[in-house]
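Trainee: Structure file protein07.txt (compact mmCIF, C-alpha atoms) right here:
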# COMPACT_ATOMS: atom_id res chain seq x y z
CA MET A 1 -12.10 -18.89 31.72
CA SER A 2 -14.46 -17.62 29.09
CA THR A 3 -16.87 -19.79 27.16
CA PRO A 4 -16.43 -20.25 23.42
CA ASP A 5 -19.39 -17.98 22.86
CA GLU A 6 -17.94 -15.20 25.01
CA THR A 7 -14.64 -15.56 23.20
CA ASP A 8 -16.38 -15.26 19.87
CA LEU A 9 -18.35 -12.20 20.95
CA ARG A 10 -15.18 -10.48 22.14
CA ALA A 11 -13.72 -11.02 18.68
CA ALA A 12 -16.97 -9.69 17.23
CA GLU A 13 -16.89 -6.58 19.40
CA TYR A 14 -13.24 -6.04 18.59
CA VAL A 15 -14.05 -6.13 14.88
CA LEU A 16 -17.09 -3.94 15.40
CA GLY A 17 -14.91 -1.47 17.29
CA THR A 18 -17.01 -1.05 20.40
CA LEU A 19 -14.35 -2.08 22.94
CA SER A 20 -12.50 0.53 24.97
CA ALA A 21 -8.81 1.26 24.38
CA ALA A 22 -7.81 -0.93 27.34
CA GLU A 23 -10.09 -3.77 26.23
CA ARG A 24 -8.67 -3.57 22.72
CA GLU A 25 -5.13 -3.83 24.07
CA ALA A 26 -6.05 -6.78 26.29
CA TYR A 27 -7.80 -8.45 23.38
CA ARG A 28 -4.75 -8.15 21.15
CA ARG A 29 -2.48 -9.58 23.83
CA GLU A 30 -4.76 -12.55 24.18
CA ARG A 31 -5.09 -12.98 20.44
CA ALA A 32 -1.32 -13.22 20.07
CA GLY A 33 -1.42 -16.54 21.89
CA SER A 34 -4.74 -17.81 20.62
CA PRO A 35 -5.15 -19.04 17.06
CA ALA A 36 -8.82 -19.70 17.85
CA LEU A 37 -9.37 -16.05 18.70
CA ALA A 38 -7.53 -14.96 15.57
CA ALA A 39 -9.70 -17.30 13.50
CA ALA A 40 -12.87 -15.99 15.15
CA GLU A 41 -11.75 -12.46 14.34
CA ARG A 42 -11.14 -13.28 10.68
CA ALA A 43 -14.59 -14.80 10.45
CA TRP A 44 -16.13 -11.64 11.89
CA GLU A 45 -14.17 -9.39 9.58
CA ALA A 46 -15.55 -11.39 6.67
CA ARG A 47 -19.13 -11.33 8.01
CA LEU A 48 -19.22 -7.58 8.58
CA ALA A 49 -17.07 -6.44 5.65
CA PRO A 50 -20.06 -5.68 3.38
CA LEU A 51 -20.94 -2.82 5.73
CA ALA A 52 -17.73 -1.09 4.65
CA GLY A 53 -19.26 -0.92 1.20
CA ALA A 54 -21.89 1.46 2.55
CA VAL A 55 -19.40 4.11 3.59
CA PRO A 56 -18.83 6.64 0.80
CA GLU A 57 -15.45 7.04 -0.79
CA VAL A 58 -13.66 10.31 -0.12
CA ALA A 59 -10.70 11.53 -2.14
CA PRO A 60 -7.64 11.66 0.14
CA PRO A 61 -5.91 15.03 0.54
CA PRO A 62 -3.48 15.93 -2.24
CA GLY A 63 0.06 14.91 -1.40
CA ALA A 64 -1.03 12.09 0.90
CA TRP A 65 0.72 9.49 -1.23
CA GLU A 66 3.97 11.45 -1.29
CA ARG A 67 3.90 11.64 2.49
CA ILE A 68 3.38 7.89 2.68
CA ALA A 69 6.21 7.22 0.23
CA ALA A 70 8.51 9.43 2.28
CA ARG A 71 7.83 7.28 5.33
CA LEU A 72 8.57 3.92 3.70
CA PRO A 73 11.58 2.23 5.21
CA ALA A 74 14.69 2.10 3.08
CA GLU A 75 14.94 -1.69 3.09
CA PRO A 76 12.46 -3.84 1.22
CA ALA A 77 9.88 -5.43 3.46
CA GLY A 78 9.75 -8.68 1.59
CA PRO A 79 12.23 -11.31 0.47
CA SER A 80 15.46 -10.32 -1.17
CA ALA A 81 15.30 -8.36 -4.37
CA PRO A 82 16.54 -9.61 -7.72
CA VAL A 83 20.11 -8.91 -8.66
CA VAL A 84 19.54 -6.04 -11.02
CA ASP A 85 17.34 -4.11 -8.68
CA LEU A 86 18.57 -1.58 -6.24
CA ARG A 87 15.18 -0.55 -5.08
CA PRO A 88 16.06 0.56 -1.58
CA ALA A 89 18.77 2.83 -2.83
CA LEU A 90 16.48 4.11 -5.50
CA ARG A 91 13.83 4.84 -2.95
CA ARG A 92 16.20 6.86 -0.81
CA TRP A 93 17.39 8.74 -3.81
CA ARG A 94 13.94 9.36 -5.12
CA ARG A 95 12.96 10.71 -1.74
CA ALA A 96 15.97 12.95 -1.65
CA ALA A 97 15.08 14.15 -5.09
CA LEU A 98 11.51 14.77 -4.05
CA ALA A 99 12.66 16.68 -1.05
CA ALA A 100 14.90 18.77 -3.25
CA GLY A 101 11.98 19.43 -5.51
CA ALA A 102 14.13 18.32 -8.38
CA LEU A 103 12.13 15.43 -9.65
CA ALA A 104 10.11 15.96 -12.75
CA ALA A 105 6.42 15.54 -12.19
CA GLY A 106 6.05 12.42 -14.27
CA LEU A 107 8.09 9.49 -13.10
CA ALA A 108 7.02 7.25 -15.90
CA LEU A 109 9.92 6.72 -18.20
CA PHE A 110 9.86 5.31 -21.62
CA ILE A 111 12.79 4.71 -23.77
CA ALA A 112 13.12 4.03 -27.40
CA VAL A 113 15.53 1.18 -27.60
CA GLU A 114 17.36 1.84 -30.77
CA ARG A 115 18.75 -1.32 -32.16
CA LEU A 116 22.02 -0.53 -33.83
CA ALA A 117 22.88 -2.77 -36.72
CA PRO A 118 24.98 -5.56 -35.27
CA ARG A 119 28.51 -5.78 -36.45
CA PRO A 120 29.71 -9.32 -36.99
CA ASP A 121 33.21 -8.72 -35.79
CA ALA A 122 32.61 -7.68 -32.22
CA ALA A 123 30.69 -8.92 -29.24
CA ARG A 124 28.84 -6.10 -27.65
CA TYR A 125 27.06 -5.84 -24.37
CA LEU A 126 23.72 -4.39 -23.62
CA ALA A 127 22.41 -3.44 -20.22
CA VAL A 128 18.93 -2.27 -19.55
CA VAL A 129 19.46 -0.33 -16.41
CA ASN A 130 16.55 -0.71 -14.13
CA ARG A 131 15.06 1.90 -11.91
CA GLY A 132 13.03 -0.45 -9.82
CA GLY A 133 9.74 -0.16 -11.59
CA GLU A 134 8.81 -1.99 -14.72
CA LEU A 135 10.22 0.63 -17.02
CA PRO A 136 13.79 0.73 -18.20
CA ALA A 137 15.36 4.07 -17.65
CA LEU A 138 18.74 3.65 -19.27
CA VAL A 139 19.93 1.48 -22.05
CA VAL A 140 23.65 1.02 -21.96
CA GLN A 141 25.52 -0.46 -24.84
CA VAL A 142 29.15 -1.42 -24.47
CA ASP A 143 31.28 -1.96 -27.51
CA PRO A 144 34.67 -3.33 -26.52
CA ALA A 145 35.98 -3.29 -30.05
CA ALA A 146 35.26 0.39 -30.50
CA GLY A 147 36.14 1.07 -26.89
CA THR A 148 32.95 2.93 -26.18
CA VAL A 149 30.07 2.85 -23.79
CA GLN A 150 26.93 4.38 -25.13
CA VAL A 151 24.27 5.43 -22.68
CA ARG A 152 20.82 6.32 -23.76
CA ALA A 153 19.28 8.05 -20.84
CA LEU A 154 15.76 9.18 -20.92
CA ALA A 155 14.83 11.54 -18.16
CA ALA A 156 17.56 10.23 -15.91
CA GLU A 157 16.64 12.96 -13.56
CA ALA A 158 19.38 14.09 -11.27
CA PRO A 159 18.83 16.77 -8.68
CA ARG A 160 20.40 19.96 -9.91
CA ASP A 161 23.29 19.86 -7.47
CA ARG A 162 24.25 16.26 -8.24
CA SER A 163 25.78 14.33 -11.08
CA LEU A 164 24.95 10.84 -12.27
CA GLU A 165 28.08 8.77 -12.65
CA LEU A 166 28.28 5.48 -14.54
CA TRP A 167 30.36 2.62 -13.17
CA VAL A 168 31.32 -0.80 -14.34
CA VAL A 169 31.14 -3.24 -11.46
CA PRO A 170 33.12 -6.39 -12.25
CA ALA A 171 32.03 -9.76 -10.93
CA SER A 172 34.85 -9.35 -8.44
CA GLY A 173 36.81 -6.24 -7.73
CA ALA A 174 36.16 -2.57 -7.23
CA PRO A 175 33.82 -0.50 -9.39
CA ARG A 176 35.50 1.69 -12.01
CA SER A 177 34.12 4.94 -13.23
CA LEU A 178 33.14 5.22 -16.88
CA GLY A 179 32.23 8.88 -16.60
CA LEU A 180 29.27 11.11 -16.06
CA VAL A 181 25.86 10.55 -17.59
CA ARG A 182 24.67 13.70 -19.29
CA GLU A 183 21.10 14.77 -19.21
CA GLU A 184 20.69 14.58 -22.95
CA ALA A 185 20.12 11.18 -24.50
CA GLY A 186 22.96 9.41 -26.17
CA THR A 187 26.00 10.04 -24.00
CA ARG A 188 29.04 8.27 -25.37
CA LEU A 189 31.83 7.50 -22.96
CA PRO A 190 35.24 6.02 -23.68
CA LEU A 191 35.82 2.59 -22.24
CA PRO A 192 39.23 2.32 -20.57
CA ALA A 193 41.27 -0.43 -22.17
CA GLY A 194 41.81 -2.19 -18.87
CA ASP A 195 38.11 -2.52 -18.30
CA ARG A 196 37.33 -4.47 -21.39
CA ALA A 197 38.47 -7.73 -19.90
CA LEU A 198 36.16 -7.24 -16.94
CA LEU A 199 32.94 -7.07 -18.83
CA ASP A 200 31.83 -10.68 -18.66
CA GLY A 201 29.54 -11.06 -15.70
CA ALA A 202 29.85 -7.41 -14.79
CA SER A 203 27.13 -4.98 -13.86
CA LEU A 204 26.78 -1.35 -14.64
CA ALA A 205 25.63 1.04 -11.99
CA VAL A 206 24.77 4.70 -11.88
CA THR A 207 25.35 6.53 -8.65
CA LEU A 208 24.43 9.94 -7.42
CA GLU A 209 27.60 11.93 -6.87
CA PRO A 210 28.69 15.48 -6.14
CA PRO A 211 28.79 17.79 -9.16
CA GLY A 212 31.50 16.66 -11.52
CA GLY A 213 31.58 13.13 -10.19
CA SER A 214 33.00 11.22 -7.28
CA PRO A 215 36.01 13.02 -5.83
CA SER A 216 37.61 9.79 -4.64
CA GLY A 217 37.34 7.68 -7.77
CA ALA A 218 35.07 5.23 -5.96
CA PRO A 219 31.29 5.51 -5.70
CA THR A 220 30.27 7.69 -2.79
CA GLY A 221 26.56 8.14 -3.37
CA PRO A 222 23.64 5.72 -3.54
CA ALA A 223 23.30 3.56 -6.63
CA VAL A 224 20.18 4.74 -8.34
CA TYR A 225 20.31 2.41 -11.29
CA ARG A 226 21.93 -0.91 -11.85
CA GLY A 227 21.88 -3.46 -14.58
CA ARG A 228 23.76 -6.56 -15.58
CA LEU A 229 25.57 -6.73 -18.86
CA VAL A 230 24.27 -9.26 -21.32
CA ARG A 231 26.30 -10.23 -24.32
CA GLU A 232 24.45 -9.14 -27.40
CA MET B 1 -16.77 16.40 1.48
CA VAL B 2 -15.74 15.21 -1.91
CA ARG B 3 -17.24 12.02 -3.10
CA VAL B 4 -15.57 10.03 -5.77
CA GLU B 5 -18.21 9.25 -8.30
CA ASP B 6 -18.86 5.83 -9.66
CA ARG B 7 -16.47 4.79 -12.29
CA PRO B 8 -18.31 4.23 -15.52
CA HIS B 9 -16.63 0.91 -16.21
CA ARG B 10 -16.60 -1.09 -13.06
CA THR B 11 -14.24 -4.00 -12.84
CA PRO B 12 -16.07 -7.27 -12.16
CA PRO B 13 -15.69 -8.22 -8.51
CA ASN B 14 -13.67 -11.38 -8.92
CA ARG B 15 -11.21 -9.80 -11.27
CA GLU B 16 -11.02 -6.78 -9.00
CA ALA B 17 -10.23 -9.05 -6.05
CA ALA B 18 -7.64 -10.97 -8.04
CA GLU B 19 -5.97 -7.76 -9.17
CA LEU B 20 -5.86 -6.33 -5.67
CA ALA B 21 -4.52 -9.62 -4.31
CA GLY B 22 -1.83 -9.52 -7.02
CA LEU B 23 -0.85 -6.01 -6.00
CA ILE B 24 -0.65 -7.01 -2.34
CA ALA B 25 1.61 -9.92 -3.30
CA ARG B 26 3.93 -7.50 -5.10
CA VAL B 27 3.87 -5.12 -2.14
CA ALA B 28 5.04 -8.09 -0.07
CA GLU B 29 8.09 -8.25 -2.35
CA GLY B 30 8.95 -4.70 -1.42
CA ARG B 31 7.62 -3.10 -4.59
CA GLU B 32 6.85 0.53 -3.96
CA ASP B 33 5.18 0.83 -7.37
CA ALA B 34 2.73 -1.88 -6.33
CA LEU B 35 1.92 -0.03 -3.13
CA ARG B 36 1.33 3.08 -5.19
CA ALA B 37 -1.03 1.24 -7.51
CA LEU B 38 -2.84 -0.25 -4.55
CA TYR B 39 -3.10 3.20 -3.01
CA ASP B 40 -4.51 4.68 -6.19
CA ARG B 41 -7.22 2.06 -6.31
CA THR B 42 -8.15 1.80 -2.67
CA ALA B 43 -7.26 5.03 -0.88
CA PRO B 44 -10.61 6.79 -1.50
CA LYS B 45 -12.46 3.89 0.09
CA LEU B 46 -10.08 3.64 3.04
CA PHE B 47 -10.03 7.40 3.52
CA GLY B 48 -13.83 7.42 3.50
CA LEU B 49 -13.93 4.72 6.18
CA ILE B 50 -11.33 6.46 8.31
CA LEU B 51 -12.82 9.93 7.98
CA ARG B 52 -16.26 8.68 8.97
CA ILE B 53 -14.80 7.33 12.21
CA VAL B 54 -12.20 10.00 13.01
CA ARG B 55 -14.23 12.98 11.72
CA ASP B 56 -11.22 15.21 11.23
CA ARG B 57 -9.45 15.42 7.90
CA GLY B 58 -5.98 16.04 9.33
CA ALA B 59 -6.22 13.16 11.79
CA ALA B 60 -7.78 11.00 9.09
CA GLU B 61 -4.82 11.57 6.79
CA ASP B 62 -2.43 10.55 9.56
CA VAL B 63 -4.41 7.35 10.00
CA LEU B 64 -4.43 6.79 6.24
CA GLN B 65 -0.64 7.06 6.15
CA ASP B 66 -0.33 4.64 9.06
CA ALA B 67 -2.70 2.25 7.35
CA TYR B 68 -0.66 2.06 4.14
CA LEU B 69 2.58 1.74 6.07
CA ARG B 70 0.94 -1.15 7.87
CA VAL B 71 -0.07 -2.64 4.53
CA TRP B 72 3.55 -2.30 3.42
CA GLN B 73 4.80 -4.11 6.51
CA SER B 74 2.22 -6.86 6.69
CA ALA B 75 1.46 -7.56 3.03
CA ALA B 76 3.37 -10.83 3.28
CA GLY B 77 0.88 -11.96 5.90
CA TYR B 78 -2.10 -11.52 3.62
CA ALA B 79 -3.54 -14.83 2.51
CA PRO B 80 -6.30 -14.66 -0.10
CA GLU B 81 -8.18 -17.50 1.59
CA ALA B 82 -8.41 -15.43 4.78
CA GLY B 83 -10.67 -12.89 3.15
CA ARG B 84 -11.10 -10.59 0.22
CA PRO B 85 -8.32 -8.07 -0.28
CA MET B 86 -10.64 -5.10 0.12
CA ALA B 87 -11.94 -6.51 3.40
CA TRP B 88 -8.37 -6.99 4.62
CA LEU B 89 -7.46 -3.42 3.70
CA ALA B 90 -10.66 -2.04 5.22
CA ALA B 91 -9.94 -3.88 8.47
CA ILE B 92 -6.48 -2.35 8.70
CA ALA B 93 -7.87 1.13 8.13
CA ARG B 94 -10.82 0.76 10.48
CA HIS B 95 -8.79 -0.65 13.36
CA ARG B 96 -6.25 2.14 13.17
CA ALA B 97 -9.02 4.72 13.09
CA ILE B 98 -10.81 3.11 16.03
CA ASP B 99 -7.58 2.84 18.02
CA LEU B 100 -7.07 6.56 17.53
CA VAL B 101 -10.53 7.62 18.65
CA ARG B 102 -10.54 5.20 21.60
CA ARG B 103 -7.19 6.54 22.77
CA LYS B 104 -8.35 10.11 22.43
CA GLY B 105 -11.49 9.13 24.27
CA GLU B 106 -13.53 11.92 22.84
CA VAL B 107 -15.00 12.20 19.42
CA PRO B 108 -17.37 14.89 18.31
CA MET B 109 -20.77 13.27 18.23
CA PRO B 110 -22.47 13.14 14.91
CA VAL B 111 -24.89 15.96 14.35
CA ALA B 112 -28.67 16.03 14.37
CA GLU B 113 -30.63 12.84 14.05
CA ASP B 114 -32.35 13.85 10.84
CA ASP B 115 -28.95 14.24 9.23
CA GLU B 116 -28.12 10.62 9.87
CA GLU B 117 -27.00 8.34 7.16
CA ASP B 118 -29.29 5.47 6.49
CA TRP B 119 -26.52 2.92 6.44
CA LEU B 120 -28.74 0.00 5.67
CA ALA B 121 -30.11 1.74 2.63
CA ARG B 122 -26.55 2.46 1.58
CA VAL B 123 -25.53 -1.17 1.99
CA ALA B 124 -28.48 -2.16 -0.15
CA ASP B 125 -27.73 0.45 -2.76
CA PRO B 126 -24.00 1.01 -2.78
CA ARG B 127 -22.86 3.98 -4.77
CA ASP B 128 -19.14 3.48 -4.72
CA SER B 129 -16.79 0.97 -6.15
CA GLU B 130 -17.37 -1.68 -3.54
CA ALA B 131 -18.36 -4.36 -5.96
CA GLU B 132 -15.54 -5.97 -3.96
CA PHE B 133 -17.79 -6.35 -0.95
CA LEU B 134 -19.82 -9.32 -1.98
CA ASP B 135 -22.03 -11.33 0.33
CA ARG B 136 -23.84 -8.16 1.20
CA ASP B 137 -27.22 -9.61 0.33
CA ALA B 138 -26.88 -12.24 3.03
CA LEU B 139 -25.69 -9.69 5.58
CA LEU B 140 -28.48 -7.33 4.66
CA ALA B 141 -31.11 -10.04 4.99
CA CYS B 142 -29.73 -11.10 8.37
CA LEU B 143 -29.47 -7.52 9.64
CA GLY B 144 -33.08 -7.08 8.61
CA ARG B 145 -34.12 -9.82 10.99
CA LEU B 146 -32.52 -8.22 14.05
CA GLU B 147 -34.38 -6.11 16.58
CA PRO B 148 -34.12 -2.52 15.32
CA ALA B 149 -32.10 -1.31 18.32
CA GLN B 150 -29.64 -4.19 18.00
CA ARG B 151 -29.32 -3.68 14.31
CA ASP B 152 -28.76 0.05 14.58
CA CYS B 153 -26.10 -0.40 17.24
CA VAL B 154 -24.18 -2.90 15.11
CA VAL B 155 -24.38 -0.77 11.99
CA LEU B 156 -23.54 2.53 13.70
CA ALA B 157 -20.62 0.95 15.53
CA TYR B 158 -19.20 -0.48 12.34
CA CYS B 159 -19.75 2.48 10.04
CA GLU B 160 -19.22 5.37 12.44
CA GLY B 161 -16.95 3.81 15.02
CA LEU B 162 -19.22 4.48 18.00
CA SER B 163 -18.20 2.89 21.31
CA ARG B 164 -20.62 1.25 23.74
CA GLU B 165 -20.60 4.47 25.78
CA GLU B 166 -21.39 6.61 22.77
CA LEU B 167 -24.18 4.27 21.73
CA ALA B 168 -25.53 4.40 25.30
CA LEU B 169 -25.56 8.20 25.13
CA ARG B 170 -27.24 8.20 21.80
CA TYR B 171 -29.99 5.80 22.84
CA ASP B 172 -30.16 7.13 26.39
CA ARG B 173 -29.77 3.65 27.83
CA PRO B 174 -27.29 2.20 30.33
CA VAL B 175 -24.03 0.94 28.84
CA ASN B 176 -24.84 -2.57 29.95
CA THR B 177 -28.06 -2.51 28.00
CA VAL B 178 -26.14 -1.51 24.89
CA LYS B 179 -23.64 -4.26 25.54
CA THR B 180 -26.48 -6.75 25.74
CA TRP B 181 -27.99 -5.42 22.52
CA LEU B 182 -24.66 -5.74 20.79
CA HIS B 183 -24.07 -9.26 22.00
CA ARG B 184 -27.56 -10.43 21.12
CA GLY B 185 -27.43 -8.72 17.77
CA LEU B 186 -24.02 -10.16 16.92
CA ALA B 187 -24.92 -13.67 18.04
CA ALA B 188 -28.14 -13.57 16.02
CA LEU B 189 -26.24 -12.25 13.03
CA ARG B 190 -23.69 -15.02 13.28
CA GLY B 191 -26.41 -17.68 13.48
CA CYS B 192 -28.27 -16.23 10.53
CA LEU B 193 -25.17 -15.85 8.34
CA ASP B 194 -23.84 -19.29 9.18
CA ASP B 195 -27.21 -20.77 8.26
CA ALA B 196 -27.18 -18.85 5.00
CA ALA B 197 -23.69 -20.05 4.11
How does this structure look as structure tokens?

Mentor:
Amino acid sequence: MSTPDETDLRAAEYVLGTLSAAEREAYRRERAGSPALAAAERAWEARLAPLAGAVPEVAPPPGAWERIAARLPAEPAGPSAPVVDLRPALRRWRRAALAAGALAAGLALFIAVERLAPRPDAARYLAVVNRGGELPALVVQVDPAAGTVQVRALAAEAPRDRSLELWVVPASGAPRSLGLVREEAGTRLPLPAGDRALLDGASLAVTLEPPGGSPSGAPTGPAVYRGRLVRE
Amino acid sequence: MVRVEDRPHRTPPNREAAELAGLIARVAEGREDALRALYDRTAPKLFGLILRIVRDRGAAEDVLQDAYLRVWQSAAGYAPEAGRPMAWLAAIARHRAIDLVRRKGEVPMPVAEDDEEDWLARVADPRDSEAEFLDRDALLACLGRLEPAQRDCVVLAYCEGLSREELALRYDRPVNTVKTWLHRGLAALRGCLDDAA
């Protein structure tokens, strides 16, 4: 049985770093069952932390962040993500894109949201399709009366050997393809008549598909963007 | 070695801490962009700490990667009342670096004595963006009251990751003597800091 002082000094030496590998392992095993030891350790980290300020900063090697990002797990570490976010899928896709060297250097996306003059006779839907960060990447406007879906994509980068396909995902039921998103801004896609009734409560999603779109008529690739339709 | 120069407009320490804590909270929600922002702001400091202990750029980058993956995994466990965010991040980086060098068991010893860093002078006159590390005046005053050998052992262990055995070699003293120095130095430091608080 160690005295409180010995316990505290073990925590101190652990923080200082002077213990051997075996002693460090043993310490951590003991700490797992000892809130007092964990508290002593936190106190020592706080006491000695100013010393870290003395160590000069050094720029990390170029590419270090990209290598970290590539090692992040696909699932979010924290609590569940909001509905419109498909961050894990985006992360996988972004990694794939990075690996393919197809991603433009700047990931920051800005979009000019062009407000079309509202027409009084038709409810329209607007989706800001999120790419996981704070910046909208696609603005999708659905006009049931005109039977069109207008996609304003800014730098919706797809790897060269893939196509981005837009889907409407009803509140219940299978996703239906609305067509391929072109690279240039302002793609206009026809809205199938049968889909118009499904729009309330629906989401739009963009998936990464083989060139020319999903061969099966159902999404096959990861969803890289997703947004919920809001009645305008 | 490349040193990141002082930023001309330094963020005040409390705001800096609040911003870093906010980023950690968003990392805990699984936000990769928050981890990236945290990396951009803290990686030079963490890489500096790791490199000083590991002394090999390739190995240091591996440790840096592990450290940020650890931050990603354990961000939800960070509680602001448990310590400043920079101290929490520094602890993660240092412990991973120390684990690596203890497992390897051999670390190239630092070069000639006259090339040594004067760590105490650096604590007193920090050049980098560690406005984060407050409370350094109290630590500095308390370190100043220690026996020189005790003080040097504590500071070298923390900043350069030296083990008891390495300190014993450096001071040409038995390991047990170094252990005694460390314990006396740490106990005196604790008493002094707790009195100051």

Trainee: One decimal, Å: what's the distance from atom CA of Ala43 of chain B over to atom CA of Tyr14 of chain A, could you say?

Mentor: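 So the answer is 23.2 Å.
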
Trainee: Of the candidates B:Glu160, B:Glu147, B:Glu29, B:Asp194, which one gets nearest to chain A if we count all atoms listed in the file?

Mentor: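 Going through B:Glu160, B:Glu147, B:Glu29, B:Asp194 one by one, the smallest distance to chain A is for B:Glu29.
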
Trainee: Separation of atom CA of Val169 of chain A and atom CA of Pro211 of chain A, in Å?

Mentor: 21.3 Å

Trainee: Could you jot down the atom CA of Ala141 of chain B to atom CA of Ala54 of chain A separation for me, Å, one decimal place?

Mentor: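 Straight-line distance from atom CA of Ala141 of chain B to atom CA of Ala54 of chain A works out to 14.9 Å.
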
Trainee: Residues near segment 166-175 of chain B, anyone? I mean within 9 Å using all atoms listed in the file, not counting same-chain ones fewer than 3 positions away, as a ChimeraX atom specification.

Mentor: /B:109,149,153,156-157,162-163,178-180

Trainee: Dump as CSV the rows for residues of chain A within 7 Å of chain B: closest atom pair and distance in Å with one decimal, all atoms listed in the file counted, ordered by chain and rising residue number.

Mentor:
residue,atom,partner,partner_atom,distance
A:Leu9,CA,B:His183,CA,6.5
A:Leu16,CA,B:Tyr158,CA,5.1
A:Gly17,CA,B:Gly161,CA,6.1
A:Thr18,CA,B:Ser163,CA,4.2
A:Leu19,CA,B:Ser163,CA,6.5
A:Ser20,CA,B:Arg102,CA,6.1
A:Ala21,CA,B:Arg102,CA,5.1
A:Arg42,CA,B:Ala82,CA,6.8
A:Ala46,CA,B:Gly83,CA,6.2
A:Ala49,CA,B:Ala87,CA,5.6
A:Pro50,CA,B:Phe133,CA,4.9
A:Leu51,CA,B:Val123,CA,6.1
A:Ala52,CA,B:Cys159,CA,6.8
A:Gly53,CA,B:Glu130,CA,5.2
A:Ala54,CA,B:Val123,CA,4.5
A:Val55,CA,B:Leu49,CA,6.1
A:Pro56,CA,B:Gly48,CA,5.7
A:Glu57,CA,B:Lys45,CA,4.4
A:Val58,CA,B:Gly48,CA,4.6
A:Ala59,CA,B:Pro44,CA,4.8
A:Pro60,CA,B:Pro44,CA,5.9
A:Ile68,CA,B:Gln65,CA,5.4
A:Leu72,CA,B:Leu69,CA,6.8
A:Pro76,CA,B:Gly30,CA,4.5
A:Ala77,CA,B:Gly30,CA,5.0
A:Gly78,CA,B:Glu29,CA,4.3
A:Pro79,CA,B:Glu29,CA,5.9
A:Gly133,CA,B:Asp33,CA,6.3

Trainee: Do you know which residues are at most 10 Å from Arg31 of chain A counting only C-alpha atoms, after dropping those on the same chain fewer than 6 positions away, and could you put them as a list in words?

Mentor: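 The residues that qualify are Ala11, Glu25, Leu37, Ala38, Ala39, Ala40 and Glu41 of chain A.
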
Trainee: Could you pull segment 50-75 of chain A out of the structure just shown and give C-alpha atoms as a PDB file, in the first residue's frame?

Mentor:
ATOM      1  CA  PRO A  50       3.810  26.283 -18.327  1.00  0.00           C
ATOM      2  CA  LEU A  51       7.051  24.442 -19.100  1.00  0.00           C
ATOM      3  CA  ALA A  52       5.539  23.407 -22.422  1.00  0.00           C
ATOM      4  CA  GLY A  53       5.484  27.078 -23.286  1.00  0.00           C
ATOM      5  CA  ALA A  54       9.276  27.077 -23.273  1.00  0.00           C
ATOM      6  CA  VAL A  55       9.596  24.546 -26.064  1.00  0.00           C
ATOM      7  CA  PRO A  56       9.804  26.255 -29.459  1.00  0.00           C
ATOM      8  CA  GLU A  57       7.152  25.709 -32.064  1.00  0.00           C
ATOM      9  CA  VAL A  58       8.213  23.790 -35.151  1.00  0.00           C
ATOM     10  CA  ALA A  59       6.215  23.721 -38.371  1.00  0.00           C
ATOM     11  CA  PRO A  60       4.991  20.167 -38.976  1.00  0.00           C
ATOM     12  CA  PRO A  61       6.053  18.480 -42.227  1.00  0.00           C
ATOM     13  CA  PRO A  62       3.955  19.379 -45.270  1.00  0.00           C
ATOM     14  CA  GLY A  63       1.155  16.903 -45.830  1.00  0.00           C
ATOM     15  CA  ALA A  64       0.948  15.916 -42.165  1.00  0.00           C
ATOM     16  CA  TRP A  65      -2.647  17.075 -41.914  1.00  0.00           C
ATOM     17  CA  GLU A  66      -3.682  15.134 -45.012  1.00  0.00           C
ATOM     18  CA  ARG A  67      -2.183  11.998 -43.519  1.00  0.00           C
ATOM     19  CA  ILE A  68      -4.112  12.578 -40.306  1.00  0.00           C
ATOM     20  CA  ALA A  69      -7.357  13.176 -42.200  1.00  0.00           C
ATOM     21  CA  ALA A  70      -6.833   9.964 -44.128  1.00  0.00           C
ATOM     22  CA  ARG A  71      -6.641   8.046 -40.858  1.00  0.00           C
ATOM     23  CA  LEU A  72      -9.838   9.426 -39.332  1.00  0.00           C
ATOM     24  CA  PRO A  73     -12.463   6.757 -38.842  1.00  0.00           C
ATOM     25  CA  ALA A  74     -15.442   6.876 -41.144  1.00  0.00           C
ATOM     26  CA  GLU A  75     -18.000   7.195 -38.354  1.00  0.00           C
TER      27      GLU A  75
END
